[in-house]
$ cat data_11.json   # JSON, C-alpha atoms and all ligand atoms
[["chain", "number", "residue", "atom", "x", "y", "z"],
["A", 703, "MET", "CA", 32.92, 9.28, -16.29],
["A", 704, "GLN", "CA", 34.61, 10.79, -19.32],
["A", 705, "PHE", "CA", 34.17, 9.76, -22.95],
["A", 706, "GLN", "CA", 37.15, 11.55, -24.47],
["A", 707, "ASN", "CA", 37.02, 11.02, -28.25],
["A", 708, "ASP", "CA", 34.55, 8.15, -28.01],
["A", 709, "ILE", "CA", 32.24, 7.91, -31.01],
["A", 710, "VAL", "CA", 28.63, 7.87, -29.82],
["A", 711, "LEU", "CA", 25.53, 7.48, -31.97],
["A", 712, "ILE", "CA", 22.15, 8.40, -30.50],
["A", 713, "THR", "CA", 18.90, 7.64, -32.32],
["A", 714, "GLY", "CA", 16.05, 10.03, -31.62],
["A", 715, "GLY", "CA", 18.72, 12.41, -30.37],
["A", 716, "ALA", "CA", 17.07, 15.57, -31.71],
["A", 717, "SER", "CA", 14.53, 15.76, -28.88],
["A", 718, "GLY", "CA", 13.84, 14.97, -25.24],
["A", 719, "ILE", "CA", 15.86, 12.21, -23.61],
["A", 720, "GLY", "CA", 18.06, 11.65, -26.68],
["A", 721, "GLU", "CA", 18.87, 15.34, -26.91],
["A", 722, "ALA", "CA", 19.84, 15.58, -23.22],
["A", 723, "THR", "CA", 21.98, 12.47, -23.62],
["A", 724, "ALA", "CA", 23.69, 13.90, -26.70],
["A", 725, "GLN", "CA", 24.52, 17.10, -24.78],
["A", 726, "LEU", "CA", 25.88, 15.16, -21.81],
["A", 727, "PHE", "CA", 28.15, 13.04, -24.00],
["A", 728, "VAL", "CA", 29.43, 16.17, -25.76],
["A", 729, "GLU", "CA", 30.17, 17.79, -22.36],
["A", 730, "ARG", "CA", 32.12, 14.68, -21.41],
["A", 731, "GLY", "CA", 34.30, 14.77, -24.50],
["A", 732, "ALA", "CA", 32.61, 12.38, -26.93],
["A", 733, "ARG", "CA", 32.07, 12.87, -30.63],
["A", 734, "VAL", "CA", 28.32, 12.54, -31.04],
["A", 735, "ILE", "CA", 26.20, 11.69, -34.05],
["A", 736, "VAL", "CA", 22.52, 12.43, -33.59],
["A", 737, "ALA", "CA", 20.45, 10.21, -35.90],
["A", 738, "ASP", "CA", 16.87, 11.39, -36.14],
["A", 739, "LEU", "CA", 13.94, 11.65, -38.52],
["A", 740, "ASP", "CA", 13.29, 15.28, -37.61],
["A", 741, "GLY", "CA", 15.53, 17.34, -39.90],
["A", 742, "GLN", "CA", 14.55, 20.71, -38.50],
["A", 743, "ARG", "CA", 15.18, 19.89, -34.83],
["A", 744, "GLY", "CA", 18.35, 18.01, -35.74],
["A", 745, "ARG", "CA", 19.82, 20.89, -37.70],
["A", 746, "GLU", "CA", 18.86, 23.37, -34.95],
["A", 747, "LEU", "CA", 20.58, 21.21, -32.34],
["A", 748, "GLN", "CA", 23.73, 20.88, -34.46],
["A", 749, "LYS", "CA", 23.80, 24.66, -34.80],
["A", 750, "LYS", "CA", 23.18, 25.20, -31.09],
["A", 751, "MET", "CA", 26.03, 22.86, -30.19],
["A", 752, "GLY", "CA", 28.39, 24.80, -32.46],
["A", 753, "GLY", "CA", 29.59, 21.85, -34.48],
["A", 754, "LYS", "CA", 30.42, 19.72, -31.41],
["A", 755, "LEU", "CA", 27.75, 17.30, -32.51],
["A", 756, "GLU", "CA", 26.68, 16.22, -35.95],
["A", 757, "PHE", "CA", 23.20, 15.52, -37.16],
["A", 758, "TYR", "CA", 22.33, 12.76, -39.62],
["A", 759, "GLN", "CA", 18.75, 12.53, -40.87],
["A", 760, "VAL", "CA", 17.47, 8.96, -40.92],
["A", 761, "ASP", "CA", 14.36, 6.89, -40.47],
["A", 762, "VAL", "CA", 15.50, 4.04, -38.22],
["A", 763, "THR", "CA", 12.78, 1.76, -39.59],
["A", 764, "ASN", "CA", 14.23, 1.93, -43.11],
["A", 765, "GLU", "CA", 16.91, -0.73, -43.62],
["A", 766, "GLU", "CA", 18.60, 1.00, -46.54],
["A", 767, "GLN", "CA", 18.81, 4.31, -44.68],
["A", 768, "VAL", "CA", 20.20, 2.63, -41.56],
["A", 769, "GLN", "CA", 22.78, 0.77, -43.65],
["A", 770, "ARG", "CA", 23.84, 4.08, -45.23],
["A", 771, "LEU", "CA", 24.06, 5.75, -41.81],
["A", 772, "PHE", "CA", 26.52, 3.18, -40.49],
["A", 773, "ALA", "CA", 28.47, 3.13, -43.77],
["A", 774, "TYR", "CA", 28.88, 6.88, -43.25],
["A", 775, "VAL", "CA", 30.05, 6.37, -39.64],
["A", 776, "GLU", "CA", 32.52, 3.73, -40.84],
["A", 777, "GLU", "CA", 33.93, 5.97, -43.53],
["A", 778, "LYS", "CA", 34.24, 9.00, -41.26],
["A", 779, "TYR", "CA", 35.27, 7.43, -37.92],
["A", 780, "GLY", "CA", 36.09, 3.76, -38.64],
["A", 781, "VAL", "CA", 34.66, 2.72, -35.26],
["A", 782, "LEU", "CA", 31.65, 3.11, -32.97],
["A", 783, "ASP", "CA", 32.05, 2.99, -29.19],
["A", 784, "ILE", "CA", 28.47, 3.56, -28.02],
["A", 785, "LEU", "CA", 25.07, 3.07, -29.64],
["A", 786, "HIS", "CA", 22.13, 4.59, -27.80],
["A", 787, "ASN", "CA", 18.97, 3.06, -29.28],
["A", 788, "ASN", "CA", 16.37, 5.59, -28.22],
["A", 789, "ALA", "CA", 14.04, 6.69, -31.04],
["A", 790, "ALA", "CA", 10.51, 5.55, -30.37],
["A", 791, "TYR", "CA", 6.88, 6.12, -31.17],
["A", 792, "SER", "CA", 4.54, 6.42, -28.20],
["A", 793, "LEU", "CA", 0.84, 5.72, -28.48],
["A", 794, "SER", "CA", -1.86, 5.82, -25.80],
["A", 795, "LYS", "CA", -4.75, 3.66, -26.94],
["A", 796, "THR", "CA", -6.84, 0.77, -25.64],
["A", 797, "LEU", "CA", -6.99, -2.59, -27.39],
["A", 798, "TRP", "CA", -10.29, -1.55, -28.93],
["A", 799, "ASP", "CA", -8.97, 1.72, -30.36],
["A", 800, "THR", "CA", -5.64, 0.36, -31.59],
["A", 801, "THR", "CA", -5.70, -0.24, -35.34],
["A", 802, "VAL", "CA", -3.49, -2.75, -37.13],
["A", 803, "GLU", "CA", -1.60, 0.23, -38.59],
["A", 804, "ASP", "CA", -1.05, 1.65, -35.07],
["A", 805, "TRP", "CA", 0.23, -1.70, -33.84],
["A", 806, "ASP", "CA", 2.59, -2.15, -36.79],
["A", 807, "LYS", "CA", 3.96, 1.39, -36.49],
["A", 808, "VAL", "CA", 4.72, 1.05, -32.77],
["A", 809, "MET", "CA", 6.47, -2.31, -33.28],
["A", 810, "CYS", "CA", 8.28, -1.02, -36.34],
["A", 811, "VAL", "CA", 9.84, 2.05, -34.70],
["A", 812, "ASN", "CA", 10.29, 0.67, -31.19],
["A", 813, "LEU", "CA", 11.58, -2.81, -32.04],
["A", 814, "LYS", "CA", 12.61, -3.01, -35.71],
["A", 815, "GLY", "CA", 14.42, 0.32, -35.38],
["A", 816, "TYR", "CA", 16.48, -0.95, -32.42],
["A", 817, "PHE", "CA", 17.17, -4.24, -34.25],
["A", 818, "LEU", "CA", 18.31, -2.56, -37.48],
["A", 819, "CYS", "CA", 20.62, -0.12, -35.70],
["A", 820, "ALA", "CA", 22.20, -2.88, -33.58],
["A", 821, "LYS", "CA", 22.61, -5.08, -36.66],
["A", 822, "TYR", "CA", 24.39, -2.47, -38.76],
["A", 823, "ALA", "CA", 26.38, -1.03, -35.84],
["A", 824, "LEU", "CA", 27.81, -4.40, -34.86],
["A", 825, "GLU", "CA", 30.92, -4.50, -37.05],
["A", 826, "LEU", "CA", 31.84, -0.98, -35.93],
["A", 827, "LEU", "CA", 31.22, -1.75, -32.24],
["A", 828, "LYS", "CA", 33.51, -4.77, -32.53],
["A", 829, "LYS", "CA", 36.32, -2.39, -33.45],
["A", 830, "SER", "CA", 35.93, -0.51, -30.16],
["A", 831, "ARG", "CA", 37.85, -1.52, -27.05],
["A", 832, "HIS", "CA", 34.73, -0.97, -24.92],
["A", 833, "GLY", "CA", 31.66, -1.20, -27.16],
["A", 834, "ALA", "CA", 28.29, -0.69, -25.50],
["A", 835, "ILE", "CA", 24.67, -0.53, -26.54],
["A", 836, "VAL", "CA", 22.18, 1.24, -24.29],
["A", 837, "CYS", "CA", 18.50, 0.96, -25.18],
["A", 838, "THR", "CA", 15.80, 3.23, -23.85],
["A", 839, "ALA", "CA", 12.98, 0.98, -22.67],
["A", 840, "SER", "CA", 10.39, 2.22, -20.15],
["A", 841, "GLU", "CA", 8.86, 1.53, -16.75],
["A", 842, "LEU", "CA", 5.94, 0.42, -18.96],
["A", 843, "GLY", "CA", 8.06, -2.44, -20.22],
["A", 844, "VAL", "CA", 8.15, -3.71, -16.64],
["A", 845, "VAL", "CA", 4.67, -2.94, -15.28],
["A", 846, "GLY", "CA", 1.37, -2.78, -17.13],
["A", 847, "CYS", "CA", -1.10, 0.07, -17.39],
["A", 848, "VAL", "CA", -4.32, 0.68, -19.29],
["A", 849, "GLU", "CA", -4.60, 2.51, -22.63],
["A", 850, "SER", "CA", -1.05, 1.79, -23.75],
["A", 851, "LEU", "CA", -1.13, -1.79, -24.99],
["A", 852, "ALA", "CA", 1.02, -1.63, -28.10],
["A", 853, "TYR", "CA", 3.62, 0.71, -26.59],
["A", 854, "ASN", "CA", 3.94, -1.32, -23.38],
["A", 855, "THR", "CA", 4.27, -4.55, -25.36],
["A", 856, "SER", "CA", 7.03, -3.03, -27.48],
["A", 857, "LYS", "CA", 8.93, -1.84, -24.40],
["A", 858, "GLY", "CA", 8.65, -5.28, -22.79],
["A", 859, "GLY", "CA", 10.14, -6.54, -26.05],
["A", 860, "VAL", "CA", 13.06, -4.12, -25.71],
["A", 861, "LEU", "CA", 13.94, -5.70, -22.35],
["A", 862, "GLN", "CA", 14.05, -9.17, -23.89],
["A", 863, "PHE", "CA", 16.00, -7.79, -26.88],
["A", 864, "VAL", "CA", 18.57, -6.44, -24.43],
["A", 865, "LYS", "CA", 18.97, -9.72, -22.54],
["A", 866, "SER", "CA", 19.31, -11.92, -25.61],
["A", 867, "LEU", "CA", 21.55, -9.50, -27.49],
["A", 868, "ALA", "CA", 23.79, -9.11, -24.43],
["A", 869, "LEU", "CA", 24.42, -12.87, -24.47],
["A", 870, "GLU", "CA", 25.09, -12.84, -28.19],
["A", 871, "LEU", "CA", 27.57, -9.96, -27.98],
["A", 872, "ALA", "CA", 29.31, -10.89, -24.72],
["A", 873, "PRO", "CA", 32.03, -12.87, -26.56],
["A", 874, "TYR", "CA", 33.01, -9.57, -28.26],
["A", 875, "GLN", "CA", 33.01, -7.73, -24.90],
["A", 876, "ILE", "CA", 30.16, -5.54, -26.15],
["A", 877, "ARG", "CA", 27.76, -4.81, -23.30],
["A", 878, "VAL", "CA", 24.03, -4.31, -23.86],
["A", 879, "ASN", "CA", 21.74, -2.74, -21.26],
["A", 880, "ALA", "CA", 18.55, -0.72, -20.95],
["A", 881, "VAL", "CA", 17.30, 2.27, -19.01],
["A", 882, "CYS", "CA", 13.65, 2.31, -17.91],
["A", 883, "PRO", "CA", 12.43, 5.86, -17.39],
["A", 884, "SER", "CA", 9.11, 6.76, -15.85],
["A", 885, "GLY", "CA", 7.29, 9.98, -16.82],
["A", 886, "THR", "CA", 9.98, 12.36, -18.06],
["A", 887, "VAL", "CA", 9.27, 15.87, -19.26],
["A", 888, "THR", "CA", 9.96, 15.78, -23.01],
["A", 889, "PRO", "CA", 7.96, 16.94, -26.05],
["A", 890, "ALA", "CA", 6.47, 13.42, -26.42],
["A", 891, "PHE", "CA", 5.46, 13.35, -22.75],
["A", 892, "ILE", "CA", 3.89, 16.82, -22.87],
["A", 893, "ARG", "CA", 1.93, 15.84, -25.99],
["A", 894, "ASP", "CA", 0.74, 12.66, -24.39],
["A", 895, "MET", "CA", -0.23, 14.21, -21.05],
["A", 896, "SER", "CA", -2.11, 17.03, -22.79],
["A", 897, "ARG", "CA", -4.57, 14.61, -24.42],
["A", 898, "THR", "CA", -7.30, 15.26, -21.86],
["A", 899, "GLY", "CA", -6.77, 19.01, -22.07],
["A", 900, "ASN", "CA", -5.56, 19.26, -18.47],
["A", 901, "TYR", "CA", -1.80, 18.77, -18.47],
["A", 902, "GLU", "CA", -1.27, 20.14, -14.95],
["A", 903, "LYS", "CA", -3.83, 17.82, -13.38],
["A", 904, "GLU", "CA", -2.52, 14.77, -15.26],
["A", 905, "CYS", "CA", 1.01, 15.54, -14.06],
["A", 906, "GLU", "CA", -0.11, 16.06, -10.46],
["A", 907, "GLU", "CA", -1.83, 12.68, -10.44],
["A", 908, "LEU", "CA", 1.22, 10.99, -11.91],
["A", 909, "VAL", "CA", 3.66, 12.65, -9.51],
["A", 910, "ALA", "CA", 1.52, 11.44, -6.60],
["A", 911, "THR", "CA", 2.45, 7.87, -7.61],
["A", 912, "TYR", "CA", 6.22, 8.56, -7.61],
["A", 913, "PRO", "CA", 7.96, 8.12, -4.22],
["A", 914, "LEU", "CA", 10.50, 10.84, -5.06],
["A", 915, "GLY", "CA", 7.60, 13.23, -5.59],
["A", 916, "ARG", "CA", 8.57, 14.69, -8.96],
["A", 917, "LEU", "CA", 8.66, 13.91, -12.66],
["A", 918, "GLY", "CA", 11.85, 12.81, -14.37],
["A", 919, "GLN", "CA", 13.90, 15.31, -16.33],
["A", 920, "PRO", "CA", 15.68, 14.27, -19.54],
["A", 921, "GLU", "CA", 19.01, 14.89, -17.76],
["A", 922, "ASP", "CA", 18.11, 12.25, -15.11],
["A", 923, "ILE", "CA", 17.84, 9.64, -17.84],
["A", 924, "ALA", "CA", 20.93, 10.91, -19.70],
["A", 925, "LYS", "CA", 23.07, 10.34, -16.59],
["A", 926, "ALA", "CA", 21.86, 6.75, -16.33],
["A", 927, "VAL", "CA", 22.59, 6.16, -20.03],
["A", 928, "ALA", "CA", 26.09, 7.56, -19.54],
["A", 929, "PHE", "CA", 26.66, 5.22, -16.58],
["A", 930, "LEU", "CA", 25.62, 2.15, -18.58],
["A", 931, "ALA", "CA", 27.76, 3.24, -21.52],
["A", 932, "SER", "CA", 30.84, 3.90, -19.39],
["A", 933, "GLU", "CA", 33.65, 1.86, -17.87],
["A", 934, "GLU", "CA", 31.95, 2.47, -14.49],
["A", 935, "SER", "CA", 29.54, -0.31, -15.44],
["A", 936, "SER", "CA", 32.15, -2.59, -17.02],
["A", 937, "PHE", "CA", 30.72, -5.81, -15.48],
["A", 938, "VAL", "CA", 27.07, -4.94, -16.17],
["A", 939, "THR", "CA", 25.34, -6.48, -19.17],
["A", 940, "GLY", "CA", 21.92, -7.87, -20.12],
["A", 941, "THR", "CA", 19.99, -5.91, -17.55],
["A", 942, "HIS", "CA", 17.93, -2.77, -17.07],
["A", 943, "LEU", "CA", 18.21, 0.17, -14.74],
["A", 944, "MET", "CA", 14.98, 1.70, -13.45],
["A", 945, "VAL", "CA", 15.16, 5.50, -13.54],
["A", 946, "ASP", "CA", 11.67, 5.99, -12.22],
["A", 947, "GLY", "CA", 11.68, 7.93, -8.95],
["A", 948, "GLY", "CA", 11.03, 4.68, -7.10],
["A", 949, "PHE", "CA", 7.79, 3.85, -8.92],
["A", 950, "VAL", "CA", 8.29, 0.08, -9.39],
["A", 951, "ALA", "CA", 9.77, -0.36, -5.91],
["A", 952, "GLN", "CA", 6.26, 0.00, -4.47],
["B", 1, "LIG", "N1", 9.30, 10.86, -21.90],
["B", 1, "LIG", "C1", 8.89, 9.85, -21.15],
["B", 1, "LIG", "O1", 8.10, 10.01, -20.21],
["B", 1, "LIG", "C2", 9.40, 8.46, -21.42],
["B", 1, "LIG", "C3", 9.16, 7.48, -20.45],
["B", 1, "LIG", "C4", 9.65, 6.20, -20.68],
["B", 1, "LIG", "C5", 10.35, 5.92, -21.83],
["B", 1, "LIG", "N2", 10.56, 6.89, -22.75],
["B", 1, "LIG", "C6", 11.32, 6.54, -23.96],
["B", 1, "LIG", "O2", 12.38, 7.47, -24.11],
["B", 1, "LIG", "C7", 12.75, 7.55, -25.49],
["B", 1, "LIG", "C8", 12.78, 9.01, -25.93],
["B", 1, "LIG", "O3", 11.49, 9.55, -25.74],
["B", 1, "LIG", "P1", 11.23, 11.11, -25.59],
["B", 1, "LIG", "O4", 10.16, 11.26, -24.58],
["B", 1, "LIG", "O5", 12.52, 11.82, -25.43],
["B", 1, "LIG", "O6", 10.56, 11.40, -27.02],
["B", 1, "LIG", "P2", 10.68, 12.62, -28.05],
["B", 1, "LIG", "O7", 9.48, 12.51, -28.93],
["B", 1, "LIG", "O8", 10.96, 13.88, -27.34],
["B", 1, "LIG", "O9", 11.97, 12.21, -28.90],
["B", 1, "LIG", "C9", 11.93, 11.10, -29.74],
["B", 1, "LIG", "C10", 12.76, 11.39, -30.97],
["B", 1, "LIG", "O10", 12.74, 10.21, -31.79],
["B", 1, "LIG", "C11", 12.66, 10.62, -33.15],
["B", 1, "LIG", "N3", 12.11, 9.55, -33.97],
["B", 1, "LIG", "C12", 10.85, 9.04, -33.93],
["B", 1, "LIG", "N4", 10.70, 8.11, -34.87],
["B", 1, "LIG", "C13", 11.87, 8.01, -35.53],
["B", 1, "LIG", "C14", 12.33, 7.22, -36.62],
["B", 1, "LIG", "N5", 11.54, 6.35, -37.24],
["B", 1, "LIG", "N6", 13.62, 7.38, -37.04],
["B", 1, "LIG", "C15", 14.44, 8.27, -36.42],
["B", 1, "LIG", "N7", 14.05, 9.06, -35.40],
["B", 1, "LIG", "C16", 12.78, 8.92, -34.96],
["B", 1, "LIG", "C17", 11.75, 11.85, -33.11],
["B", 1, "LIG", "O11", 11.92, 12.64, -34.29],
["B", 1, "LIG", "C18", 12.21, 12.54, -31.85],
["B", 1, "LIG", "O12", 13.23, 13.48, -32.12],
["B", 1, "LIG", "C19", 11.74, 6.69, -26.23],
["B", 1, "LIG", "O13", 12.30, 5.40, -26.43],
["B", 1, "LIG", "C20", 10.57, 6.61, -25.27],
["B", 1, "LIG", "O14", 9.79, 5.46, -25.48],
["B", 1, "LIG", "C21", 10.12, 8.16, -22.57]]
$ encode --input "data_11.json" --output "structure tokens" --more "lines below"
Ligand SMILES: NC(=O)c1ccc[n+]([C@@H]2O[C@H](COP(=O)([O-])OP(=O)(O)OC[C@H]3O[C@@H](n4cnc5c(N)ncnc54)[C@H](O)[C@@H]3O)[C@@H](O)[C@H]2O)c1
Amino acid sequence: MQFQNDIVLITGGASGIGEATAQLFVERGARVIVADLDGQRGRELQKKMGGKLEFYQVDVTNEEQVQRLFAYVEEKYGVLDILHNNAAYSLSKTLWDTTVEDWDKVMCVNLKGYFLCAKYALELLKKSRHGAIVCTASELGVVGCVESLAYNTSKGGVLQFVKSLALELAPYQIRVNAVCPSGTVTPAFIRDMSRTGNYEKECEELVATYPLGRLGQPEDIAKAVAFLASEESSFVTGTHLMVDGGFVAQ
């Protein structure tokens, strides 16, 4: 599964799952653009990767900024082979605690961000011989849980976005799929699981619900993204791949 000279753009690629995916694509020969809001982490990653990856600072919810990002990609590379829509905002709140601002922010980053990037990437993806979009959804787009209403709703939306967009882009041979991770050890996950002040206990309880008996690592998800972006999945579109240690099989 090599990506020699493919142009790959990863949103939210400065941290966690996006970062691991960026590193994997670089290892496999791609030219990677990490598009992220976090300038400090992005610049550090670019430095760490010794110029094998470039960082572009962007807020994926801002139409003008997204337009400029893809204009830059067009000018520099003239094509885009793979878009990994991955940047998201996670929020753990009940219906009662969720404010209108919370709701709007979750929908804005997790859905509008994916929409804007797909919209402005389209003309460049059409120029690829094997264009693919991979969206990071979540196990929580498939099953429900308490205290995560807005986030779960947004991730369910990502799965529908993927199906409908796959049909729209099939005539151009651009495939659109999603990965659905379960608990994966990233900065966002650690922050979230530390809310009660007992990270270890929270993790233990979660792991007990996973048939494979461990948490996900960002690299587990990166490998699934690479599969869905590669020629190995050339007849796969409009679907999602659970990368969840068997959680939803129960
Ligand atoms: N970690 C998990 O357990 C888990 C489980 C299921 C799904 N996911 C999904 O995986 C994806 C990555 O999550 P993660 O855990 O690696 O998170 P993370 O917080 O480690 O990384 C997310 C990155 O997105 C960036 N970002 C946030 N808002 C942005 C914006 N408006 N514009 C540009 N960049 C922005 C952040 O700066 C950050 O670098 C998300 O879609 C998340 O919903 C994660």
$ residues_around --input "data_11.json" --residues "stretch 804-816 of chain A" --least-positions-apart "2" --cutoff "6 Å" --atoms "only C-alpha atoms" --output "list in words"
Val762, Thr763, Asn787, Ala790, Tyr791, Thr800, Thr801, Val802, Leu818, Cys819, Ala852 and Ser856 of chain A
$ atom_distance --input "data_11.json" --atom1 "atom CA of A:Asn879" --atom2 "atom CA of A:Cys837"
6.3 Å
$ residues_around --input "data_11.json" --residues "A:Lys821" --least-positions-apart "3" --cutoff "12 Å" --atoms "all atoms listed in the file" --output "VMD selection string"
chain A and resid 762 765 768 to 769 772 785 787 814 to 818 824 to 828 835 867 870 to 871
$ closest_residue --input "data_11.json" --among "A:Ser884, A:Asn900, A:Thr939, A:Gln748" --to "A:Val736" --atoms "only C-alpha atoms"
A:Gln748
$ residues_near_point --input "data_11.json" --point "(12.1, -8.5, -20.8)" --cutoff "12 Å" --atoms "all atoms listed in the file" --output "PyMOL selection string"
chain A and resi 839-845+854-867+879-880+882+940-942
$ atom_distance --input "data_11.json" --atom1 "atom CA of A:Gly918" --atom2 "atom CA of A:Ala722"
12.2 Å
$ closest_residue --input "data_11.json" --among "A:Lys778, A:Arg893, A:Arg770, A:Arg733" --to "ligand LIG 1 (chain B)" --atoms "all atoms listed in the file"
A:Arg893
$ closest_residue --input "data_11.json" --among "A:Ser717, A:Ser932, A:Gln742, A:Thr911" --to "A:Ala890" --atoms "only C-alpha atoms"
A:Ser717
$ closest_residue --input "data_11.json" --among "A:Leu869, A:Ala926, A:Val945, A:Val938" --to "ligand LIG 1 (chain B)" --atoms "all atoms listed in the file"
A:Val945
$ closest_residue --input "data_11.json" --among "A:Val887, A:Val878, A:Ala834, A:Ala951" --to "ligand LIG 1 (chain B)" --atoms "all atoms listed in the file"
A:Val887
$ residues_around --input "data_11.json" --residues "stretch 704-715 of chain A" --least-positions-apart "3" --cutoff "9 Å" --atoms "all atoms listed in the file" --output "PyMOL selection string"
chain A and resi 718-724+727-740+744+757+760+762+775+779+781-790+816+819+932
$ axis_aligned_box --input "data_11.json" --around "ligand LIG 1 (chain B)" --padding-each-side "3 Å" --output "lines of an AutoDock Vina configuration file"
center_x = 11.3
center_y = 9.6
center_z = -28.7
size_x = 12.3
size_y = 14.5
size_z = 23.0
